[in-house]
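Novice: The structure file entry_5.cif (mmCIF, C-alpha atoms) is provided below.
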```cif
data_model
loop_
_atom_site.group_PDB
_atom_site.id
_atom_site.type_symbol
_atom_site.label_atom_id
_atom_site.label_comp_id
_atom_site.auth_asym_id
_atom_site.auth_seq_id
_atom_site.Cartn_x
_atom_site.Cartn_y
_atom_site.Cartn_z
ATOM 1 C CA GLY L 310 -1.173 2.700 -4.603
ATOM 2 C CA TYR L 311 -4.291 4.818 -4.577
ATOM 3 C CA LYS L 312 -4.071 8.576 -4.978
ATOM 4 C CA VAL L 313 -1.671 9.227 -2.078
ATOM 5 C CA PRO L 314 2.086 8.976 -1.521
ATOM 6 C CA PRO L 315 3.328 5.535 -0.476
ATOM 7 C CA GLU L 316 4.346 6.653 3.010
ATOM 8 C CA THR L 317 0.797 7.757 3.888
ATOM 9 C CA ASP L 318 -0.555 6.133 7.051
ATOM 10 C CA PRO L 319 -3.332 3.637 6.189
ATOM 11 C CA ASP L 320 -5.467 5.039 9.042
ATOM 12 C CA VAL L 321 -5.448 8.457 7.372
ATOM 13 C CA VAL L 322 -6.638 6.887 4.127
ATOM 14 C CA ALA L 323 -9.276 4.798 5.918
ATOM 15 C CA HIS L 324 -10.870 7.863 7.511
ATOM 16 C CA ASP L 325 -10.830 10.219 4.512
ATOM 17 C CA PRO L 326 -13.643 9.488 2.014
ATOM 18 C CA THR L 327 -11.772 11.279 -0.776
ATOM 19 C CA LEU L 328 -8.889 8.820 -0.364
ATOM 20 C CA ASN L 329 -10.970 5.623 -0.223
ATOM 21 C CA ASN L 330 -13.607 6.382 -2.867
ATOM 22 C CA ASN L 331 -16.214 6.890 -0.143
ATOM 23 C CA ASP L 332 -16.133 3.162 0.565
ATOM 24 C CA PRO L 333 -18.892 2.319 3.098
ATOM 25 C CA SER L 334 -16.824 -0.486 4.672
ATOM 26 C CA PRO L 335 -15.585 -0.258 8.276
ATOM 27 C CA PRO L 336 -12.328 1.732 8.653
ATOM 28 C CA ASP L 337 -10.139 -1.335 9.207
ATOM 29 C CA LEU L 338 -11.197 -2.652 5.782
ATOM 30 C CA LYS L 339 -10.496 0.680 4.070
ATOM 31 C CA ARG L 340 -6.795 0.517 4.955
ATOM 32 C CA ILE L 341 -6.404 -1.477 1.740
ATOM 33 C CA TYR L 342 -6.447 1.790 -0.226
ATOM 34 C CA ALA L 343 -2.976 2.658 1.111
ATOM 35 C CA PHE L 344 0.312 1.308 -0.211
ATOM 36 C CA ARG L 345 1.338 0.588 3.373
ATOM 37 C CA HIS L 346 -1.471 -1.951 3.667
ATOM 38 C CA VAL L 347 1.437 -4.334 3.072
ATOM 39 C CA GLU L 348 2.239 -3.792 6.760
ATOM 40 C CA ASP L 349 -1.177 -5.218 7.659
ATOM 41 C CA VAL L 350 -0.387 -8.326 5.624
ATOM 42 C CA ARG L 351 2.951 -8.616 7.403
ATOM 43 C CA LYS L 352 1.231 -8.357 10.796
ATOM 44 C CA VAL L 353 -1.065 -11.270 9.890
ATOM 45 C CA MET L 354 1.997 -13.301 8.962
ATOM 46 C CA VAL L 355 3.794 -12.460 12.221
ATOM 47 C CA ASP L 356 0.671 -13.165 14.286
ATOM 48 C CA ASN L 357 0.480 -16.594 12.667
ATOM 49 C CA GLY L 358 4.102 -17.588 13.151
ATOM 50 C CA ASP L 359 5.436 -16.720 9.690
ATOM 51 C CA VAL L 360 8.086 -14.331 11.011
ATOM 52 C CA ASP L 361 10.851 -15.817 8.862
ATOM 53 C CA LYS L 362 8.934 -15.545 5.592
ATOM 54 C CA ARG L 363 9.134 -12.593 3.259
ATOM 55 C CA VAL L 364 6.332 -10.540 1.747
ATOM 56 C CA VAL L 365 6.327 -10.201 -2.041
ATOM 57 C CA VAL L 366 4.507 -7.234 -3.576
ATOM 58 C CA LEU L 367 3.211 -8.041 -7.043
ATOM 59 C CA GLU L 368 1.851 -5.470 -9.458
ATOM 60 C CA PHE L 369 2.085 -2.205 -7.598
ATOM 61 C CA GLY L 370 1.983 1.262 -9.106
ATOM 62 C CA TRP L 371 -0.074 4.422 -9.540
ATOM 63 C CA THR L 372 -2.365 5.150 -12.465
ATOM 64 C CA VAL L 373 -2.421 8.395 -14.429
ATOM 65 C CA ASP L 374 -5.824 7.599 -15.978
ATOM 66 C CA PRO L 375 -7.492 10.900 -17.035
ATOM 67 C CA ARG L 376 -10.675 9.309 -18.420
ATOM 68 C CA GLU L 377 -13.658 10.662 -16.491
ATOM 69 C CA ASP L 378 -15.665 7.460 -17.036
ATOM 70 C CA SER L 379 -12.868 5.156 -15.883
ATOM 71 C CA PRO L 380 -13.271 3.281 -12.582
ATOM 72 C CA TYR L 381 -9.613 4.190 -11.921
ATOM 73 C CA HIS L 382 -9.967 7.945 -12.464
ATOM 74 C CA TRP L 383 -10.847 8.701 -8.828
ATOM 75 C CA HIS L 384 -7.372 7.673 -7.677
ATOM 76 C CA ALA L 385 -5.324 8.854 -10.654
ATOM 77 C CA VAL L 386 -2.234 10.964 -10.057
ATOM 78 C CA SER L 387 -0.180 13.204 -12.312
ATOM 79 C CA GLU L 388 2.723 11.722 -14.261
ATOM 80 C CA LEU L 389 5.169 13.546 -11.982
ATOM 81 C CA ASP L 390 3.421 12.231 -8.873
ATOM 82 C CA GLN L 391 3.537 8.744 -10.389
ATOM 83 C CA ARG L 392 7.293 9.149 -10.743
ATOM 84 C CA PHE L 393 7.859 10.284 -7.165
ATOM 85 C CA TYR L 394 5.397 7.829 -5.606
ATOM 86 C CA ILE L 395 6.984 4.827 -7.301
ATOM 87 C CA ILE L 396 10.516 5.827 -6.357
ATOM 88 C CA ASN L 397 9.423 6.672 -2.819
ATOM 89 C CA ALA L 398 7.663 3.305 -2.523
ATOM 90 C CA TYR L 399 10.957 1.530 -3.145
ATOM 91 C CA LYS L 400 12.762 3.882 -0.755
ATOM 92 C CA TYR L 401 10.110 3.406 1.929
ATOM 93 C CA ALA L 402 10.333 -0.370 1.652
ATOM 94 C CA GLN L 403 14.113 -0.234 1.826
ATOM 95 C CA GLN L 404 14.059 1.960 4.938
ATOM 96 C CA HIS L 405 11.122 0.439 6.828
ATOM 97 C CA TRP L 406 10.460 -3.092 5.633
ATOM 98 C CA GLN L 407 13.841 -4.758 5.852
ATOM 99 C CA PRO L 408 14.495 -7.647 6.262
ATOM 100 C CA TRP L 409 11.028 -9.013 5.546
ATOM 101 C CA ILE L 410 10.240 -7.444 2.170
ATOM 102 C CA GLY L 411 11.046 -9.543 -0.881
ATOM 103 C CA VAL L 412 10.426 -8.758 -4.537
ATOM 104 C CA MET L 413 8.448 -5.618 -5.376
ATOM 105 C CA SER L 414 7.171 -5.901 -8.946
ATOM 106 C CA LEU L 415 6.184 -2.620 -10.556
ATOM 107 C CA ILE L 416 3.528 -2.473 -13.263
ATOM 108 C CA TYR L 417 3.949 -2.029 -16.302
ATOM 109 C CA LEU L 418 6.210 -1.820 -19.280
ATOM 110 C CA ALA L 419 3.589 -1.298 -21.949
ATOM 111 C CA ASN L 420 2.489 -4.049 -24.301
ATOM 112 C CA PRO L 421 2.759 -2.728 -27.891
ATOM 113 C CA ASP L 422 -0.900 -3.633 -28.467
ATOM 114 C CA TRP L 423 -2.283 -1.414 -25.699
ATOM 115 C CA THR L 424 -4.168 1.742 -26.591
ATOM 116 C CA GLU L 425 -5.666 4.590 -24.598
ATOM 117 C CA ALA L 426 -8.812 2.453 -24.310
ATOM 118 C CA ASP L 427 -6.916 -0.042 -22.113
ATOM 119 C CA GLU L 428 -6.599 0.667 -18.389
ATOM 120 C CA GLN L 429 -3.087 -0.818 -18.379
ATOM 121 C CA PHE L 430 -1.972 2.009 -20.677
ATOM 122 C CA TYR L 431 -2.330 4.429 -17.750
ATOM 123 C CA TRP L 432 -0.579 2.275 -15.140
ATOM 124 C CA SER L 433 2.393 1.785 -17.420
ATOM 125 C CA ILE L 434 5.669 3.678 -17.047
ATOM 126 C CA THR L 435 6.300 3.417 -20.795
ATOM 127 C CA TYR L 436 4.116 4.022 -23.819
ATOM 128 C CA PRO L 437 3.291 1.221 -26.288
ATOM 129 C CA TYR L 438 5.168 2.739 -29.217
ATOM 130 C CA TYR L 439 7.444 -0.164 -30.108
ATOM 131 C CA PRO L 440 10.196 -0.152 -31.304
ATOM 132 C CA GLU L 441 10.652 3.494 -30.257
ATOM 133 C CA LEU L 442 10.987 3.916 -26.492
ATOM 134 C CA LYS L 443 8.708 6.623 -25.236
ATOM 135 C CA ALA L 444 8.505 6.698 -21.485
ATOM 136 C CA ARG L 445 6.718 8.510 -18.697
ATOM 137 C CA PRO L 446 8.702 10.448 -16.087
ATOM 138 C CA ALA L 447 8.462 7.438 -13.735
ATOM 139 C CA TYR L 448 10.601 5.354 -16.085
ATOM 140 C CA TRP L 449 13.352 7.961 -16.306
ATOM 141 C CA GLY L 450 13.159 8.623 -12.571
ATOM 142 C CA LEU L 451 13.607 4.944 -11.781
ATOM 143 C CA MET L 452 16.564 4.735 -14.149
ATOM 144 C CA GLU L 453 18.201 7.729 -12.482
ATOM 145 C CA TRP L 454 17.503 6.415 -8.970
ATOM 146 C CA ALA L 455 18.857 2.963 -9.811
ATOM 147 C CA GLN L 456 22.062 4.454 -11.212
ATOM 148 C CA GLN L 457 22.623 6.472 -8.031
ATOM 149 C CA ARG L 458 22.382 3.416 -5.795
#
```
Show me, as structure tokens, the structure contained in the file I just sent.

Specialist:
Amino acid sequence: GYKVPPETDPDVVAHDPTLNNNDPSPPDLKRIYAFRHVEDVRKVMVDNGDVDKRVVVLEFGWTVDPREDSPYHWHAVSELDQRFYIINAYKYAQQHWQPWIGVMSLIYLANPDWTEADEQFYWSITYPYYPELKARPAYWGLMEWAQQR
């Protein structure tokens, strides 16, 4: 996701320069900056006769990258927003994308070699402090949500 909650309408994102990094592309191409762009992919599948196939979402998440010089900084969220956006993404998919959504693979559990110089460090829901588990709020929120299901 980019900067906004997962339930945000892609048309809203496409027409707000602060939500699409002032992308000069036509509005229909700027829908990609919304988590719900998955619905556009699904529409292409349906329009082409792939109604019975599922959509798989690989590597989704929200970055918390605070580095001013990072190309990801413009769409960074707080650690608490990361927590709520990730959980709400799963909830949204469960409520609105059944039965056609398949696997949704969240990024990342941190590689022990990552440092604050690596962009993956900021997408991760854990910190790379192996063997000690140090986690961001998103990790604990997902654990709590999964246990309540």

Novice: Selection in question (the file shown): the PyMOL selection byres ((chain L and resi 388) around 10). Which residues does it include, as a list of chain:residue names?

Specialist: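 So the PyMOL selection byres ((chain L and resi 388) around 10), applied here, picks out L:Trp371, L:Thr372, L:Val373, L:Asp374, L:Ala385, L:Val386, L:Ser387, L:Leu389, L:Asp390, L:Gln391, L:Arg392, L:Phe393, L:Tyr394, L:Tyr431, L:Ile434, L:Arg445, L:Pro446, L:Ala447.
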
Novice: Taking (22.1, 1.3, -3.4) in the file's coordinates, which residues come within 12 Å, counting only C-alpha atoms, written as number ranges by chain?

Specialist: L: 399-400, 403-404, 453-458

Novice: Could you check which of L:Trp423, L:Phe430, L:Phe344, L:Tyr436 is closest to Ala398 (chain L), using only C-alpha atoms?

Specialist: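 Answer, going by the shortest atom-to-atom distance: L:Phe344.
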
Novice: For each of L:Glu428, L:Val366, L:Pro421, L:Pro375, take the minimum atom-to-atom distance to Glu441 (chain L), counting only C-alpha atoms, then give the residue where this is smallest.

Specialist: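 Distance minimum relative to Glu441 (chain L) lands on L:Pro421.
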
Novice: State, in Å with one decimal place, the distance from CA of Pro319 (chain L) to CA of His382 (chain L).

Specialist: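 Pair CA of Pro319 (chain L) / CA of His382 (chain L) returns 20.3 Å.
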
Novice: Report as a PyMOL selection string the residues that result from applying the PyMOL selection byres ((chain L and resi 413) around 12) to the structure here.

Specialist: chain L and resi 344+347+363-370+395-396+398-403+406+409-412+414-416

Novice: Work out how far CA of Ile341 (chain L) is from CA of Pro326 (chain L), in Å to one decimal.

Specialist: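 If I compute the distance from CA of Pro326 (chain L) to CA of Ile341 (chain L), I get 13.1 Å.
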
Novice: The residues within 12 Å of (-17.1, 1.8, -4.6), using only C-alpha atoms and the coordinates of the file, should be reported as a list in words; which are they?

Specialist: Pro326, Thr327, Leu328, Asn329, Asn330, Asn331, Asp332, Pro333, Ser334, Lys339, Tyr342, Pro380, Tyr381, Trp383 and His384 of chain L

Novice: Could you tell me how far CA of Asp361 (chain L) lies from CA of Asp349 (chain L), in Å and to one decimal?

Specialist: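 Computing the Euclidean distance for CA of Asp361 (chain L) and CA of Asp349 (chain L) yields 16.1 Å.
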
Novice: Output as AutoDock Vina command-line options the centre and edge lengths (Å, one decimal) of the box along x, y and z of the file that holds every listed atom of region 371-387 of chain L after adding 8 Å on each side.

Specialist:
```
--center_x -7.9 --center_y 8.2 --center_z -13.0 --size_x 31.6 --size_y 25.9 --size_z 26.7
```

Novice: Residue by residue, what does the PyMOL selection byres ((chain L and resi 420) around 10) grab here? Present the result as an MDAnalysis selection string.

Specialist: chainID L and resid 417:419 421:424 429:430 433 435:439

Novice: Pick the closest to His324 (chain L) from L:Val355, L:Val350, L:Ala343, L:Val360: which is it, counting all atoms listed in the file?

Specialist: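 Selected residue with least distance to His324 (chain L): L:Ala343.
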